[in-house]
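Below: upload-v9.cif (mmCIF, C-alpha atoms)
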```cif
data_data
#
loop_
_atom_site.label_atom_id
_atom_site.label_comp_id
_atom_site.auth_asym_id
_atom_site.auth_seq_id
_atom_site.Cartn_x
_atom_site.Cartn_y
_atom_site.Cartn_z
CA MET E 460 -0.91 4.11 21.63
CA PRO E 461 -1.18 3.49 17.85
CA THR E 462 1.80 1.12 17.64
CA VAL E 463 0.62 -2.43 16.88
CA PRO E 464 3.32 -4.92 17.99
CA ASN E 465 0.96 -7.92 17.79
CA GLY E 466 -2.70 -8.83 17.46
CA LYS E 467 -5.06 -9.06 14.48
CA VAL E 468 -4.50 -7.31 11.15
CA CYS E 469 -7.10 -6.98 8.39
CA ILE E 470 -5.68 -6.76 4.85
CA PHE E 471 -8.06 -5.52 2.13
CA GLY E 472 -7.02 -6.39 -1.41
CA ALA E 473 -5.16 -9.44 -0.13
CA GLY E 474 -5.54 -11.21 -3.48
CA GLY E 475 -3.06 -8.98 -5.29
CA PRO E 476 0.73 -9.24 -5.42
CA VAL E 477 1.21 -6.53 -2.76
CA GLY E 478 -1.14 -8.48 -0.52
CA ALA E 479 0.89 -11.61 -1.14
CA VAL E 480 4.21 -10.16 0.05
CA THR E 481 2.53 -8.29 2.90
CA ALA E 482 0.88 -11.44 4.27
CA GLN E 483 4.13 -13.37 3.94
CA SER E 484 5.98 -10.78 6.05
CA LEU E 485 3.26 -10.44 8.68
CA ALA E 486 2.07 -14.03 9.11
CA SER E 487 4.59 -14.99 11.78
CA HIS E 488 3.91 -11.83 13.82
CA TYR E 489 0.13 -11.28 13.60
CA THR E 490 -3.15 -13.10 13.09
CA LEU E 491 -4.21 -12.09 9.59
CA ARG E 492 -7.68 -11.62 8.20
CA CYS E 493 -7.06 -11.55 4.45
CA VAL E 494 -9.96 -9.89 2.64
CA ASP E 495 -10.63 -9.82 -1.09
CA ALA E 496 -13.59 -9.64 -3.45
CA ARG E 497 -12.51 -13.05 -4.81
CA SER E 498 -12.06 -16.41 -3.15
CA LEU E 499 -8.53 -17.66 -2.59
CA GLU E 500 -9.20 -20.46 -5.08
CA GLU E 501 -10.13 -17.93 -7.76
CA VAL E 502 -7.06 -15.82 -7.00
CA LEU E 503 -4.73 -18.82 -7.26
CA ALA E 504 -6.33 -19.97 -10.53
CA ARG E 505 -5.77 -16.67 -12.35
CA PRO E 506 -2.53 -16.27 -14.34
CA ASN E 507 -0.06 -13.59 -13.31
CA SER E 508 -0.35 -10.30 -15.18
CA HIS E 509 3.45 -10.10 -15.27
CA LYS E 510 6.28 -12.55 -14.80
CA GLY E 511 7.55 -12.71 -11.25
CA PHE E 512 4.53 -11.10 -9.60
CA PRO E 513 3.95 -12.73 -6.18
CA LYS E 514 0.78 -14.70 -5.53
CA PRO E 515 -0.96 -15.22 -2.19
CA GLN E 516 -0.48 -18.58 -0.53
CA PRO E 517 -2.90 -20.42 1.77
CA LEU E 518 -2.19 -19.66 5.42
CA PRO E 519 -3.04 -22.03 8.27
CA ALA E 520 -5.36 -21.15 11.13
CA PRO E 521 -5.68 -18.87 13.01
CA HIS E 522 -5.19 -16.84 9.80
CA SER E 523 -8.28 -16.58 7.62
CA TRP E 524 -9.43 -15.61 4.13
CA THR E 525 -12.67 -13.62 3.89
CA MET E 526 -14.59 -12.55 0.81
CA ALA E 527 -15.99 -9.02 1.12
CA ASP E 528 -16.99 -6.13 -1.11
CA ILE E 529 -15.19 -2.97 -0.03
CA THR E 530 -18.00 -0.88 -1.56
CA ASP E 531 -20.47 -2.44 0.92
CA TYR E 532 -20.11 -0.80 4.33
CA PRO E 533 -21.60 -3.59 6.50
CA GLN E 534 -19.22 -6.10 4.88
CA VAL E 535 -16.25 -3.81 5.52
CA ARG E 536 -17.26 -3.26 9.15
CA ASP E 537 -17.69 -6.98 9.71
CA ALA E 538 -14.27 -7.68 8.21
CA ILE E 539 -12.56 -5.09 10.41
CA SER E 540 -14.40 -5.94 13.63
CA GLY E 541 -12.02 -7.28 16.27
CA CYS E 542 -8.85 -6.20 14.43
CA ASP E 543 -6.10 -4.00 15.82
CA ALA E 544 -4.87 -2.62 12.49
CA VAL E 545 -6.02 -2.36 8.88
CA ILE E 546 -4.01 -2.32 5.65
CA ASN E 547 -5.92 -1.14 2.59
CA LEU E 548 -4.41 -2.44 -0.66
CA SER E 549 -7.66 -2.55 -2.65
CA VAL E 550 -7.65 -0.88 -6.06
CA ASN E 551 -9.41 -0.68 -9.39
CA ARG E 552 -7.52 0.97 -12.25
CA VAL E 553 -9.60 0.49 -15.38
CA ASP E 554 -13.35 0.99 -14.92
CA GLU E 555 -14.63 4.49 -14.13
CA GLU E 556 -17.56 3.42 -11.97
CA ALA E 557 -15.69 0.65 -10.17
CA ALA E 558 -12.55 2.75 -9.69
CA PHE E 559 -14.49 5.47 -7.87
CA ALA E 560 -16.42 2.91 -5.83
CA VAL E 561 -13.37 0.88 -4.80
CA ASN E 562 -10.70 3.55 -4.52
CA VAL E 563 -12.70 6.42 -3.03
CA ILE E 564 -15.84 5.02 -1.41
CA GLY E 565 -13.89 1.95 -0.32
CA ALA E 566 -11.36 4.17 1.47
CA TYR E 567 -14.25 5.99 3.18
CA HIS E 568 -15.72 2.68 4.32
CA VAL E 569 -12.38 1.46 5.67
CA MET E 570 -11.75 4.65 7.63
CA LYS E 571 -15.30 4.84 8.99
CA ALA E 572 -15.27 1.19 10.06
CA ALA E 573 -11.77 1.48 11.54
CA LEU E 574 -12.94 4.37 13.70
CA GLU E 575 -16.12 2.55 14.72
CA CYS E 576 -14.25 -0.66 15.58
CA GLY E 577 -11.49 1.00 17.60
CA VAL E 578 -8.63 0.21 15.22
CA LYS E 579 -5.29 1.68 16.33
CA ARG E 580 -3.54 2.17 13.01
CA VAL E 581 -4.46 2.16 9.31
CA ILE E 582 -1.95 1.82 6.48
CA HIS E 583 -3.41 3.32 3.32
CA THR E 584 -1.73 2.85 -0.07
CA GLY E 585 -1.68 4.69 -3.35
CA PRO E 586 0.50 5.53 -6.33
CA GLU E 587 3.35 7.97 -6.31
CA SER E 588 1.75 10.67 -8.44
CA ALA E 589 4.50 13.23 -9.03
CA LEU E 590 5.52 11.97 -12.49
CA PRO E 591 2.56 11.96 -14.90
CA ARG E 592 4.30 14.51 -17.18
CA PHE E 593 1.88 17.38 -17.43
CA GLU E 594 2.35 21.09 -16.92
CA GLY E 595 3.19 21.93 -13.32
CA ASP E 596 4.26 18.46 -12.21
CA TYR E 597 7.60 17.35 -10.71
CA TYR E 598 8.90 15.41 -13.68
CA PHE E 599 12.15 17.35 -14.00
CA ASP E 600 12.70 17.88 -10.26
CA HIS E 601 14.96 16.01 -7.86
CA SER E 602 14.89 15.31 -4.11
CA ILE E 603 11.09 15.32 -4.13
CA PRO E 604 9.91 15.06 -0.50
CA ASP E 605 7.42 12.44 0.66
CA ASP E 606 4.84 15.07 1.56
CA ALA E 607 5.08 17.07 -1.69
CA PRO E 608 1.54 18.01 -2.80
CA PRO E 609 0.33 15.25 -5.12
CA ASN E 610 -0.15 15.99 -8.81
CA PRO E 611 -2.39 13.17 -10.04
CA GLY E 612 -3.28 14.64 -13.41
CA THR E 613 -6.47 13.34 -15.01
CA GLY E 614 -5.69 9.62 -15.20
CA LEU E 615 -8.43 7.48 -13.69
CA TYR E 616 -6.21 5.53 -11.30
CA PRO E 617 -4.07 8.35 -9.85
CA LEU E 618 -7.00 10.76 -9.71
CA THR E 619 -9.31 8.42 -7.79
CA LYS E 620 -6.47 7.43 -5.48
CA HIS E 621 -5.79 11.13 -4.89
CA LEU E 622 -9.43 11.55 -3.87
CA SER E 623 -9.03 8.61 -1.49
CA ARG E 624 -6.09 10.37 0.17
CA THR E 625 -8.34 13.38 0.74
CA VAL E 626 -10.88 11.13 2.45
CA VAL E 627 -8.20 9.50 4.59
CA ASP E 628 -6.77 12.91 5.52
CA ALA E 629 -10.17 14.09 6.71
CA PHE E 630 -10.58 11.13 9.07
CA ALA E 631 -6.99 11.31 10.33
CA LEU E 632 -7.13 15.04 11.05
CA GLU E 633 -10.54 15.04 12.72
CA ARG E 634 -10.19 11.79 14.68
CA PRO E 635 -6.89 11.94 16.59
CA LYS E 636 -7.32 8.46 18.08
CA LEU E 637 -6.95 6.95 14.60
CA GLU E 638 -3.43 7.18 13.17
CA VAL E 639 -2.80 6.67 9.46
CA LEU E 640 0.30 5.92 7.44
CA THR E 641 0.09 6.39 3.67
CA PHE E 642 2.52 4.31 1.63
CA LEU E 643 3.23 5.57 -1.88
CA LEU E 644 4.09 2.80 -4.33
CA SER E 645 5.12 2.81 -7.97
CA ARG E 646 7.06 0.38 -10.12
CA LEU E 647 7.21 -2.86 -8.15
CA ARG E 648 9.57 -5.44 -9.63
CA PRO E 649 11.83 -8.38 -8.77
CA ALA E 650 15.15 -7.34 -7.33
CA HIS E 651 17.34 -9.43 -9.62
CA GLU E 652 15.19 -10.48 -12.59
CA THR E 653 13.24 -8.91 -15.43
CA ASP E 654 9.47 -9.11 -15.50
CA GLY E 655 8.56 -8.14 -19.05
CA ARG E 656 8.04 -4.42 -18.38
CA ASP E 657 10.82 -2.06 -19.51
CA ASP E 658 13.34 -4.78 -18.77
CA ASP E 659 16.33 -2.69 -19.77
CA VAL E 660 15.55 0.32 -17.54
CA VAL E 661 14.84 1.14 -13.91
CA ILE E 662 12.55 4.12 -13.44
CA ALA E 663 13.28 6.71 -10.77
CA TYR E 664 10.74 5.25 -8.34
CA SER E 665 11.20 1.48 -8.11
CA THR E 666 10.71 -0.98 -5.27
CA ALA E 667 11.73 -4.63 -5.02
CA TRP E 668 9.06 -7.15 -4.13
CA GLU E 669 11.65 -8.64 -1.79
CA ASP E 670 11.70 -5.39 0.24
CA LEU E 671 8.05 -4.41 0.15
CA GLY E 672 6.48 -6.75 2.71
CA ASP E 673 8.79 -5.66 5.50
CA ALA E 674 7.72 -2.04 4.99
CA PHE E 675 4.25 -3.00 6.25
CA LEU E 676 5.70 -4.85 9.23
CA CYS E 677 7.76 -1.77 10.11
CA GLY E 678 4.70 0.43 9.56
CA LEU E 679 2.64 -1.50 12.09
CA ARG E 680 5.42 -1.55 14.69
CA ALA E 681 6.68 2.00 14.28
CA PRO E 682 6.23 4.46 17.17
CA PRO E 683 3.60 7.22 17.04
CA MET E 684 4.03 9.53 14.06
CA PRO E 685 4.56 13.31 14.06
CA ASN E 686 1.42 13.84 11.94
CA PRO E 687 -2.02 12.16 11.89
CA ASN E 688 -1.52 10.92 8.30
CA GLU E 689 2.19 10.47 7.62
CA VAL E 690 3.10 9.91 3.96
CA PHE E 691 6.06 7.73 2.93
CA HIS E 692 7.96 6.98 -0.23
CA ILE E 693 8.32 3.19 -0.16
CA CYS E 694 11.08 2.90 -2.74
CA GLY E 695 14.62 1.73 -3.34
CA ARG E 696 17.58 4.07 -3.17
CA LEU E 697 18.42 4.86 -6.80
CA PRO E 698 21.12 7.07 -8.34
CA MET E 699 18.62 9.41 -10.04
CA GLY E 700 18.05 11.08 -6.68
CA LYS E 701 14.42 12.00 -7.42
CA PHE E 702 12.94 10.06 -4.51
CA SER E 703 14.40 8.75 -1.28
CA PRO E 704 13.45 6.22 1.41
CA ASP E 705 15.12 8.43 4.05
CA LYS E 706 11.87 9.31 5.82
CA ALA E 707 10.76 5.66 5.93
CA GLU E 708 14.15 4.72 7.36
CA ARG E 709 13.96 7.47 9.98
CA LEU E 710 10.35 7.08 11.17
CA LEU E 711 9.56 3.44 10.34
CA GLY E 712 12.95 1.77 10.60
CA TRP E 713 12.49 0.33 7.10
CA THR E 714 15.59 0.16 4.91
CA PRO E 715 15.33 -1.21 1.36
CA ALA E 716 18.00 -3.82 0.71
CA HIS E 717 17.85 -3.66 -3.09
CA SER E 718 18.76 -0.81 -5.43
CA PHE E 719 18.70 -2.69 -8.78
CA THR E 720 22.41 -2.11 -9.38
CA LYS E 721 22.64 -4.79 -12.07
CA PHE E 722 20.19 -2.90 -14.27
CA TYR E 723 22.15 0.35 -14.46
CA LYS E 724 25.77 -0.78 -14.07
CA ARG E 725 27.68 -2.66 -16.75
#
```

When written as structure tokens, how does the structure in this file appear?
Amino acid sequence: MPTVPNGKVCIFGAGGPVGAVTAQSLASHYTLRCVDARSLEEVLARPNSHKGFPKPQPLPAPHSWTMADITDYPQVRDAISGCDAVINLSVNRVDEEAAFAVNVIGAYHVMKAALECGVKRVIHTGPESALPRFEGDYYFDHSIPDDAPPNPGTGLYPLTKHLSRTVVDAFALERPKLEVLTFLLSRLRPAHETDGRDDDVVIAYSTAWEDLGDAFLCGLRAPPMPNPNEVFHICGRLPMGKFSPDKAERLLGWTPAHSFTKFYKR
């Protein structure tokens, strides 16, 4: 049974802000193996890219922090060995060579190692890619379903993450013992404060940091899914009506508490 109510969870990309809120939500329920290309000391020493972005915090034993290169398969396999679930948050957005290696080959390594190590459930992550504003996209549509065919355009980050979803799909469809949830993320921001990015607006796909971590807890504990790789909008409920967390509420039991009302009501 793919549900993971307890046990060991490996988090790749644990040094980023999504890793920080995920570890905070999971730490009292699971033994975490936080994995990043950087040491925790290096992560803590780096300034935030934006105001209000969460930072990882040291966790006591039995939790651990492991340095590993997701582009190196033996390191990925060693990191996953003995774990019941894997969450892949790793990403590179700016360098062509590194983005392909981390986003695409890294996803392949995670899925291959998860299968080899007997992992029950993988949570894969990527950007919501329906709004890049090019011909044939969903920019002017509403009520866009979670499983709408992605339209990544030609941007390095969404395109390589789209390729990673193709890799993950292949493993999930051909290896029925390995269940995958794909969480789509976009503008992550504090629920009640500005963070220096478009402070006077809330885009149609926005998620509060305060809500995000619990989505991963619900994802690990949710019952078996209808499909081998179930895709979810992990977003707040906003009045634009373009995206909805309804599917995540129905299948995961995750309900966002914040809808950024103060930013669009006067």

Which residues of region 542-611 of chain E sit at most 12 Å from region 631-647 of chain E, using all atoms listed in the file? Give each one's shortest atom pair and distance in Å (one decimal place), in chain and ascending residue order, as a tab-separated table.
```
residue	atom	partner	partner_atom	distance
E:Asp543	CA	E:Leu637	CA	11.1
E:Ala544	CA	E:Glu638	CA	9.9
E:Val545	CA	E:Val639	CA	9.6
E:Ile546	CA	E:Leu640	CA	9.5
E:Asn547	CA	E:Thr641	CA	9.7
E:Leu548	CA	E:Phe642	CA	9.9
E:Ala566	CA	E:Thr641	CA	11.9
E:Tyr567	CA	E:Ala631	CA	11.5
E:Val569	CA	E:Val639	CA	11.5
E:Met570	CA	E:Ala631	CA	8.6
E:Lys571	CA	E:Leu637	CA	10.3
E:Ala572	CA	E:Leu637	CA	11.1
E:Ala573	CA	E:Leu637	CA	7.9
E:Leu574	CA	E:Leu637	CA	6.6
E:Glu575	CA	E:Leu637	CA	10.2
E:Cys576	CA	E:Leu637	CA	10.6
E:Gly577	CA	E:Leu637	CA	8.1
E:Val578	CA	E:Leu637	CA	7.0
E:Lys579	CA	E:Leu637	CA	5.8
E:Arg580	CA	E:Glu638	CA	5.0
E:Val581	CA	E:Val639	CA	4.8
E:Ile582	CA	E:Leu640	CA	4.8
E:His583	CA	E:Thr641	CA	4.7
E:Thr584	CA	E:Phe642	CA	4.8
E:Gly585	CA	E:Leu643	CA	5.2
E:Pro586	CA	E:Leu644	CA	4.9
E:Glu587	CA	E:Leu643	CA	5.0
E:Ser588	CA	E:Leu643	CA	8.4
E:Ala589	CA	E:Ser645	CA	10.5
E:Leu590	CA	E:Ser645	CA	10.2
E:Pro591	CA	E:Ser645	CA	11.8
E:Pro604	CA	E:Leu643	CA	11.7
E:Asp605	CA	E:Leu643	CA	8.4
E:Asp606	CA	E:Thr641	CA	10.1
E:Ala607	CA	E:Leu643	CA	11.6
E:Pro609	CA	E:Leu643	CA	10.6
```

Excluding Asn551 (chain E) and any residue of its chain fewer than 5 positions from it, enumerate the residues within 7 Å of it, using only C-alpha atoms, and give them as JSON, numbers by chain. {"E": [557, 558, 561, 562]}

Exactly which residues make up the result of the PyMOL selection byres ((chain E and resi 488-501) around 6) on this file, given as a PyMOL selection string? chain E and resi 465-474+485-487+502-504+522-528

Out of E:Leu710, E:Leu671, E:Ser540, E:Pro617, which residue has the shortest atom-to-atom distance to Met684 (chain E) when counting all atoms listed in the file? E:Leu710

Quick one: distance from CA of Asp673 (chain E) to CA of His568 (chain E) in Å, one decimal?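 Taking CA of Asp673 (chain E) and CA of His568 (chain E), their separation equals 25.9 Å.
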